[in-house]
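Have a look at entry.txt; it's compact mmCIF, C-alpha atoms:
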# COMPACT_ATOMS: atom_id res chain seq x y z
CA MET A 1 -12.04 8.16 11.76
CA SER A 2 -14.60 10.20 13.60
CA GLY A 3 -15.50 13.50 11.95
CA SER A 4 -14.35 14.66 8.55
CA ARG A 5 -10.61 14.29 7.99
CA ARG A 6 -8.28 15.64 5.35
CA ILE A 7 -6.74 12.56 3.76
CA TRP A 8 -4.10 12.14 1.06
CA LEU A 9 -4.56 8.80 -0.70
CA THR A 10 -2.09 7.59 -3.33
CA GLY A 11 -2.73 4.92 -5.94
CA ALA A 12 -6.37 6.02 -5.96
CA SER A 13 -7.27 5.40 -9.61
CA SER A 14 -7.94 1.65 -9.45
CA GLY A 15 -8.00 -1.48 -7.30
CA LEU A 16 -7.78 -1.14 -3.55
CA GLY A 17 -6.99 2.58 -3.76
CA ARG A 18 -10.13 3.41 -5.72
CA ALA A 19 -12.31 1.23 -3.49
CA LEU A 20 -10.84 2.86 -0.40
CA ALA A 21 -11.40 6.32 -1.87
CA LEU A 22 -15.08 5.56 -2.44
CA GLU A 23 -15.44 4.13 1.06
CA LEU A 24 -13.84 7.16 2.74
CA LEU A 25 -15.71 9.68 0.61
CA SER A 26 -18.99 7.97 1.44
CA ALA A 27 -18.09 8.44 5.11
CA GLY A 28 -17.77 12.19 4.56
CA HIS A 29 -14.01 12.65 4.52
CA ARG A 30 -12.13 15.02 2.22
CA LEU A 31 -9.59 13.31 0.00
CA ALA A 32 -6.63 14.47 -2.05
CA LEU A 33 -6.34 11.73 -4.66
CA SER A 34 -3.08 10.90 -6.42
CA ALA A 35 -2.30 8.55 -9.29
CA ARG A 36 -0.90 8.85 -12.79
CA ASN A 37 -4.36 8.36 -14.34
CA ALA A 38 -5.82 11.83 -13.89
CA GLY A 39 -8.95 10.89 -15.83
CA ALA A 40 -9.88 8.18 -13.35
CA LEU A 41 -9.40 10.63 -10.48
CA GLN A 42 -11.60 13.19 -12.23
CA GLN A 43 -14.38 10.59 -12.48
CA ILE A 44 -14.33 10.21 -8.70
CA ALA A 45 -14.20 13.98 -8.23
CA ALA A 46 -17.30 14.36 -10.41
CA ARG A 47 -19.28 12.35 -7.86
CA TRP A 48 -17.93 14.22 -4.83
CA PRO A 49 -16.88 17.65 -6.15
CA ASP A 50 -16.88 19.28 -2.71
CA GLN A 51 -14.80 16.55 -1.07
CA VAL A 52 -12.12 15.68 -3.64
CA LEU A 53 -8.90 17.47 -4.45
CA VAL A 54 -7.45 15.93 -7.60
CA ALA A 55 -3.65 15.80 -7.26
CA PRO A 56 -2.35 13.56 -10.05
CA GLY A 57 1.27 12.77 -10.72
CA ASP A 58 3.96 10.15 -11.21
CA LEU A 59 5.16 9.37 -7.70
CA THR A 60 8.44 7.96 -9.02
CA GLU A 61 9.36 11.55 -9.93
CA PRO A 62 10.39 13.44 -6.75
CA TRP A 63 9.55 16.83 -8.23
CA GLN A 64 5.99 15.69 -8.97
CA VAL A 65 5.60 14.46 -5.39
CA ARG A 66 6.77 17.86 -4.14
CA ASP A 67 4.24 19.55 -6.42
CA ILE A 68 1.46 17.39 -5.01
CA GLY A 69 2.48 18.30 -1.46
CA GLU A 70 2.46 21.98 -2.39
CA ARG A 71 -0.96 21.63 -4.00
CA ILE A 72 -2.38 20.07 -0.84
CA ALA A 73 -0.74 22.75 1.31
CA HIS A 74 -2.21 25.49 -0.89
CA HIS A 75 -5.76 24.14 -0.72
CA TRP A 76 -5.92 22.69 2.78
CA GLY A 77 -2.88 23.90 4.69
CA ALA A 78 -2.56 20.58 6.52
CA LEU A 79 -3.26 16.84 6.45
CA ASP A 80 -4.86 14.68 9.12
CA THR A 81 -4.13 11.33 7.44
CA ALA A 82 -1.82 10.15 4.66
CA ILE A 83 -2.60 6.72 3.20
CA LEU A 84 0.30 5.71 0.95
CA ASN A 85 -1.11 2.92 -1.14
CA ALA A 86 0.51 3.27 -4.58
CA GLY A 87 2.57 0.28 -5.64
CA THR A 88 3.35 -2.28 -8.30
CA CYS A 89 4.38 -5.91 -8.63
CA GLU A 90 6.68 -7.70 -11.05
CA TYR A 91 7.90 -11.26 -10.67
CA LEU A 92 11.53 -12.26 -11.09
CA ASP A 93 12.79 -15.24 -13.05
CA ALA A 94 16.04 -16.13 -11.26
CA ARG A 95 17.24 -18.03 -14.34
CA HIS A 96 17.44 -14.65 -16.07
CA TYR A 97 18.07 -12.32 -13.16
CA ASP A 98 17.05 -8.77 -14.02
CA ALA A 99 18.46 -6.09 -11.72
CA ALA A 100 16.49 -3.42 -13.59
CA LEU A 101 13.25 -5.16 -12.62
CA VAL A 102 14.26 -5.13 -8.97
CA GLU A 103 15.14 -1.45 -9.23
CA ARG A 104 11.77 -0.59 -10.81
CA VAL A 105 9.79 -2.35 -8.11
CA VAL A 106 11.85 -0.96 -5.24
CA ARG A 107 11.66 2.54 -6.71
CA THR A 108 7.86 2.39 -6.92
CA ASN A 109 7.04 0.56 -3.70
CA LEU A 110 9.71 1.88 -1.35
CA LEU A 111 11.55 4.93 -2.65
CA SER A 112 8.46 6.66 -4.04
CA THR A 113 6.63 6.02 -0.79
CA SER A 114 9.58 7.56 1.05
CA GLN A 115 9.26 10.66 -1.15
CA CYS A 116 5.57 10.83 -0.26
CA ILE A 117 6.40 10.57 3.43
CA GLU A 118 8.77 13.51 3.08
CA ALA A 119 5.99 15.56 1.47
CA ALA A 120 3.33 14.42 3.94
CA LEU A 121 5.08 14.89 7.29
CA PRO A 122 5.15 18.71 7.33
CA LEU A 123 1.44 18.71 6.53
CA LEU A 124 0.65 16.03 9.11
CA ARG A 125 2.46 18.05 11.77
CA LYS A 126 -0.14 20.79 11.21
CA GLY A 127 -3.09 18.39 11.21
CA GLU A 128 -5.52 17.02 13.78
CA ARG A 129 -4.40 13.77 15.44
CA PRO A 130 -2.04 13.02 12.54
CA HIS A 131 -1.96 9.50 11.16
CA LEU A 132 0.52 8.04 8.67
CA VAL A 133 -0.65 4.84 6.96
CA GLY A 134 1.31 2.66 4.55
CA VAL A 135 0.11 -0.30 2.52
CA GLY A 136 2.63 -3.12 2.70
CA SER A 137 2.01 -6.81 2.02
CA SER A 138 1.63 -10.12 3.80
CA VAL A 139 4.42 -11.45 1.54
CA THR A 140 6.88 -9.97 4.03
CA TYR A 141 5.99 -12.74 6.49
CA LEU A 142 7.29 -15.57 4.30
CA ALA A 143 9.67 -15.67 1.32
CA LEU A 144 7.93 -17.02 -1.78
CA PRO A 145 9.17 -18.04 -5.25
CA ARG A 146 9.62 -15.20 -7.78
CA ALA A 147 8.67 -12.56 -5.18
CA GLU A 148 12.25 -11.38 -4.61
CA ALA A 149 11.71 -7.84 -5.91
CA TYR A 150 8.20 -7.30 -4.59
CA GLY A 151 8.94 -8.89 -1.22
CA ALA A 152 12.16 -6.93 -0.76
CA SER A 153 10.41 -3.65 -1.54
CA LYS A 154 7.59 -4.35 0.90
CA ALA A 155 9.95 -5.67 3.59
CA GLY A 156 11.90 -2.42 3.30
CA LEU A 157 8.65 -0.48 3.61
CA ARG A 158 7.70 -2.46 6.71
CA TYR A 159 11.01 -1.62 8.41
CA LEU A 160 10.82 2.03 7.35
CA LEU A 161 7.33 2.48 8.81
CA GLU A 162 8.00 0.51 11.99
CA ALA A 163 11.12 2.57 12.69
CA LEU A 164 9.29 5.80 11.88
CA ARG A 165 6.55 4.73 14.28
CA ILE A 166 9.09 4.91 17.08
CA ASP A 167 10.63 8.23 16.06
CA LEU A 168 7.32 9.95 15.27
CA ALA A 169 5.64 8.87 18.51
CA ARG A 170 7.18 11.82 20.36
CA GLU A 171 5.36 14.15 17.94
CA GLY A 172 2.03 12.41 18.37
CA ILE A 173 2.00 11.02 14.81
CA ASP A 174 0.60 7.49 14.77
CA VAL A 175 1.80 5.01 12.12
CA THR A 176 -0.26 2.08 10.82
CA LEU A 177 1.04 -0.63 8.50
CA ILE A 178 -1.53 -2.45 6.35
CA SER A 179 -0.53 -5.98 5.32
CA PRO A 180 -3.17 -7.46 3.03
CA GLY A 181 -3.30 -10.89 1.52
CA PHE A 182 -4.58 -11.32 -2.01
CA ILE A 183 -7.05 -8.67 -3.21
CA ASP A 184 -8.92 -8.87 -6.50
CA THR A 185 -7.48 -5.94 -8.47
CA PRO A 186 -6.32 -5.35 -12.05
CA LEU A 187 -2.77 -6.00 -10.81
CA THR A 188 -3.46 -9.36 -9.16
CA ARG A 189 -5.61 -10.54 -12.07
CA ARG A 190 -2.37 -10.84 -14.02
CA ASN A 191 -1.06 -13.44 -11.57
CA ASP A 192 -0.64 -16.94 -13.00
CA PHE A 193 -0.92 -18.88 -9.73
CA PRO A 194 -3.68 -19.70 -7.20
CA MET A 195 -4.54 -16.88 -4.77
CA PRO A 196 -6.16 -18.40 -1.66
CA LEU A 197 -8.74 -16.39 0.29
CA ARG A 198 -8.69 -13.56 -2.26
CA TRP A 199 -10.93 -10.67 -1.19
CA PRO A 200 -12.81 -8.25 -3.47
CA ALA A 201 -11.30 -4.77 -3.31
CA GLU A 202 -14.52 -3.38 -1.85
CA ARG A 203 -14.43 -5.82 1.06
CA ALA A 204 -10.79 -5.01 1.75
CA ALA A 205 -11.54 -1.28 1.65
CA ARG A 206 -14.41 -1.64 4.14
CA HIS A 207 -12.20 -3.71 6.43
CA ILE A 208 -9.46 -1.06 6.40
CA ALA A 209 -11.81 1.92 6.75
CA ARG A 210 -13.54 0.41 9.76
CA ARG A 211 -10.26 -0.20 11.57
CA LEU A 212 -8.42 3.04 10.84
CA PRO A 213 -10.26 5.08 13.53
CA ALA A 214 -8.67 2.90 16.23
CA ARG A 215 -5.24 3.75 14.77
CA PRO A 216 -3.85 0.22 15.21
CA LEU A 217 -0.21 -0.58 14.69
CA ASP A 218 -1.11 -3.14 12.04
CA ILE A 219 -4.07 -4.12 9.88
CA ALA A 220 -3.42 -7.59 8.45
CA PHE A 221 -6.02 -9.71 6.68
CA PRO A 222 -7.59 -12.17 5.95
CA GLY A 223 -7.04 -13.60 9.43
CA PRO A 224 -6.74 -17.32 8.49
CA PHE A 225 -4.34 -16.52 5.64
CA ILE A 226 -2.13 -14.34 7.87
CA ALA A 227 -2.17 -16.97 10.63
CA GLY A 228 -1.08 -19.63 8.15
CA LEU A 229 1.77 -17.50 6.83
CA LEU A 230 3.00 -16.69 10.33
CA LEU A 231 2.89 -20.35 11.29
CA LEU A 232 4.93 -21.32 8.23
CA ALA A 233 7.34 -18.43 8.83
CA HIS A 234 8.26 -19.93 12.21
CA LEU A 235 9.29 -23.27 10.71
CA PRO A 236 13.04 -24.05 10.76
CA GLY A 237 14.90 -22.59 7.81
CA HIS A 238 15.42 -25.92 6.03
CA LEU A 239 11.69 -26.63 6.16
CA ARG A 240 10.84 -23.18 4.79
CA LEU A 241 13.29 -23.85 1.95
CA ALA A 242 11.69 -27.23 1.24
CA LEU A 243 8.26 -25.60 1.16
CA GLY A 244 9.45 -22.90 -1.23
CA LYS A 245 11.05 -25.48 -3.53
CA ARG A 246 7.81 -27.46 -3.52
CA LEU A 247 5.82 -24.37 -4.48
CA ALA A 248 8.25 -23.61 -7.29
CA ARG A 249 8.09 -27.22 -8.59
CA ASN A 250 4.30 -27.24 -8.51
CA ARG A 251 4.31 -24.09 -10.57
CA ASP A 252 6.65 -25.60 -13.13
CA LYS A 253 4.42 -28.69 -13.42
CA ASP A 254 1.44 -26.46 -14.19
CA GLY A 255 3.38 -25.08 -17.15
CA ALA A 256 3.60 -21.53 -15.90
CA PRO A 257 6.38 -19.44 -17.49

I need this file expressed as structure tokens, please.
Amino acid sequence: MSGSRRIWLTGASSGLGRALALELLSAGHRLALSARNAGALQQIAARWPDQVLVAPGDLTEPWQVRDIGERIAHHWGALDTAILNAGTCEYLDARHYDAALVERVVRTNLLSTSQCIEAALPLLRKGERPHLVGVGSSVTYLALPRAEAYGASKAGLRYLLEALRIDLAREGIDVTLISPGFIDTPLTRRNDFPMPLRWPAERAARHIARRLPARPLDIAFPGPFIAGLLLLAHLPGHLRLALGKRLARNRDKDGAP
């Protein structure tokens, strides 16, 4: 992103969001930072007081999202980039199917992001070379055990952004979908299974920040991990099922809950 841009970044208090905030601020951009943890956002603002607009809130509450949009409009009048990164992950035990769990994850990862898009688009339409960016997941390439809720929410986000990419093209608003593999964050540290090719959050943030200026359709990484998932995703359905069952069995043998 050449020159200073006005960027709204959600999920900025920890993990990939925080690392990306630090990367973009170091590059001279102005950031409106959103997360529920206002204290963590204030810590970032203390380092870059002239570049940060603290805009905390619970993005699962539509009225709070609207308030954030109004706050950005009041201070900046427009947005050049919106990076919608906030999300969560919970794993489903199909033996005790929990519809409320699915609803929580979909609300946070898909519906809340949709609310943010509604707030961001009027501001992007007033910005310079507007760019809408959403953080999805590589899990959408291949169904995995226990990832029903998380995968469904991110698959829905992928479709939403890819369809919006078509409809927003006539307005000159570019749409980028980020599909990371495993990133070392407080959220993934709770995982109880191996995470191949896991990247530190700082490395992932640098990778994303360096590619955003080109406004690609997709940013997916790490390359070998993505290539492996795509290869497996093109196997016949019965082989994908056998692979999934094998992964689930291996997990049970390790004694995971």

*asked:* Between atom CA of Ser4 of chain A and atom CA of Ala27 of chain A, what is the distance in Å, rounded to a tenth?
replied: 8.0 Å

*asked:* Between A:Leu241, A:Ala149, A:Val175, A:Leu164, which residue has the minimum interatomic distance to Ala99 of chain A, considering all atoms listed in the file?
replied: A:Ala149

*Nearest to Arg129 of chain A among A:Arg158, A:Arg215, A:Arg104, A:Arg95, with distances taken over only C-alpha atoms: which residue is it?*
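Ranked by minimum distance to Arg129 of chain A, first place goes to A:Arg215.
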
*Neighbours of Pro186 of chain A within 10 Å (only C-alpha atoms; same-chain residues fewer than 5 positions away dropped), as a ChimeraX atom specification?*
/A:14-16,191

Quick one: 5 Å padding each side, axis-aligned, all listed atoms of segment 22-34 of chain A - centre and edge lengths in Å to one decimal, as AutoDock Vina command-line options?
--center_x -11.0 --center_y 9.6 --center_z -0.7 --size_x 25.9 --size_y 20.9 --size_z 21.5

Please identify all polymer residues within 10 Å of Trp48 of chain A, counting all atoms listed in the file, omitting same-chain residues fewer than 4 positions from it, and present them as an mmCIF file with C-alpha atoms, in the frame of the given file.
data_model
loop_
_atom_site.group_PDB
_atom_site.id
_atom_site.type_symbol
_atom_site.label_atom_id
_atom_site.label_comp_id
_atom_site.auth_asym_id
_atom_site.auth_seq_id
_atom_site.Cartn_x
_atom_site.Cartn_y
_atom_site.Cartn_z
ATOM 1 C CA LEU A 22 -15.080 5.560 -2.440
ATOM 2 C CA LEU A 25 -15.710 9.680 0.610
ATOM 3 C CA SER A 26 -18.990 7.970 1.440
ATOM 4 C CA GLY A 28 -17.770 12.190 4.560
ATOM 5 C CA ARG A 30 -12.130 15.020 2.220
ATOM 6 C CA LEU A 31 -9.590 13.310 0.000
ATOM 7 C CA GLN A 42 -11.600 13.190 -12.230
ATOM 8 C CA GLN A 43 -14.380 10.590 -12.480
ATOM 9 C CA ILE A 44 -14.330 10.210 -8.700
ATOM 10 C CA VAL A 52 -12.120 15.680 -3.640
ATOM 11 C CA LEU A 53 -8.900 17.470 -4.450
#

Can you build me a table of segment 106-139 of chain A residues sitting at most 10 Å from segment 86-94 of chain A, with the closest atom pair per residue and its distance in Å to one decimal, using all atoms listed in the file, sorted by chain and residue number, as a Markdown table?
| residue | atom | partner | partner_atom | distance |
| --- | --- | --- | --- | --- |
| A:Val106 | CA | A:Thr88 | CA | 9.1 |
| A:Arg107 | CA | A:Gly87 | CA | 9.4 |
| A:Thr108 | CA | A:Gly87 | CA | 5.8 |
| A:Asn109 | CA | A:Gly87 | CA | 4.9 |
| A:Leu110 | CA | A:Gly87 | CA | 8.5 |
| A:Ser112 | CA | A:Ala86 | CA | 8.7 |
| A:Thr113 | CA | A:Ala86 | CA | 7.7 |
| A:Gly134 | CA | A:Ala86 | CA | 9.2 |
| A:Val135 | CA | A:Ala86 | CA | 8.0 |
| A:Gly136 | CA | A:Gly87 | CA | 9.0 |

*Of the residues A:Glu148, A:Glu128, A:Glu61, A:Asp218, which is the one nearest to Thr81 of chain A, using only C-alpha atoms?*
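Checking each candidate against Thr81 of chain A, we get A:Glu128 as the closest.
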
*What is the distance, in Å and to one decimal place, between atom CA of Ser114 of chain A and atom CA of Ser137 of chain A?*
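Pair atom CA of Ser114 of chain A / atom CA of Ser137 of chain A returns 16.3 Å.
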
*Out of A:Ala248, A:Leu84, A:Val102, A:Leu79, which residue has the shortest atom-to-atom distance to Ile173 of chain A when counting only C-alpha atoms?*
A:Leu79

*Pick out the closest residue to Ala21 of chain A from this set: A:Arg206, A:His234, A:His131, A:His75. Count only C-alpha atoms.*
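Looking at the shortest contact to Ala21 of chain A, the residue is A:Arg206.
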
_Residue contacts of Leu41 of chain A (10 Å, only C-alpha atoms) excluding same-chain residues fewer than 3 positions away, as a list in words_ =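 Close residues of Leu41 of chain A: Gly11, Ala12, Ser13, Ser14, Arg18, Ala21, Ala32, Leu33, Ser34, Ala35, Arg36, Asn37, Ala38, Ile44, Ala45, Ala46, Val52, Leu53, Val54, Ala55 and Pro56 of chain A.
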
Go ahead and write the residues just picked, C-alpha atoms, as a tab-separated table (two decimals), in the frame of the given file.
chain	number	residue	atom	x	y	z
A	11	GLY	CA	-2.73	4.92	-5.94
A	12	ALA	CA	-6.37	6.02	-5.96
A	13	SER	CA	-7.27	5.40	-9.61
A	14	SER	CA	-7.94	1.65	-9.45
A	18	ARG	CA	-10.13	3.41	-5.72
A	21	ALA	CA	-11.40	6.32	-1.87
A	32	ALA	CA	-6.63	14.47	-2.05
A	33	LEU	CA	-6.34	11.73	-4.66
A	34	SER	CA	-3.08	10.90	-6.42
A	35	ALA	CA	-2.30	8.55	-9.29
A	36	ARG	CA	-0.90	8.85	-12.79
A	37	ASN	CA	-4.36	8.36	-14.34
A	38	ALA	CA	-5.82	11.83	-13.89
A	44	ILE	CA	-14.33	10.21	-8.70
A	45	ALA	CA	-14.20	13.98	-8.23
A	46	ALA	CA	-17.30	14.36	-10.41
A	52	VAL	CA	-12.12	15.68	-3.64
A	53	LEU	CA	-8.90	17.47	-4.45
A	54	VAL	CA	-7.45	15.93	-7.60
A	55	ALA	CA	-3.65	15.80	-7.26
A	56	PRO	CA	-2.35	13.56	-10.05

_My list of candidates is A:Glu162, A:Leu168, A:Glu202, A:Ile219. Which is closest to Gly181 of chain A when distances are computed with all atoms listed in the file?_
A:Ile219

*For the atom pair atom CA of Arg165 of chain A and atom CA of Trp76 of chain A, what is the interatomic distance in Å to one decimal place?*
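The value is 24.7 Å.
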
*Neighbours of Val65 of chain A within 7 Å (only C-alpha atoms; same-chain residues fewer than 5 positions away dropped), as a PyMOL selection string?*
chain A and resi 59+115-116+119
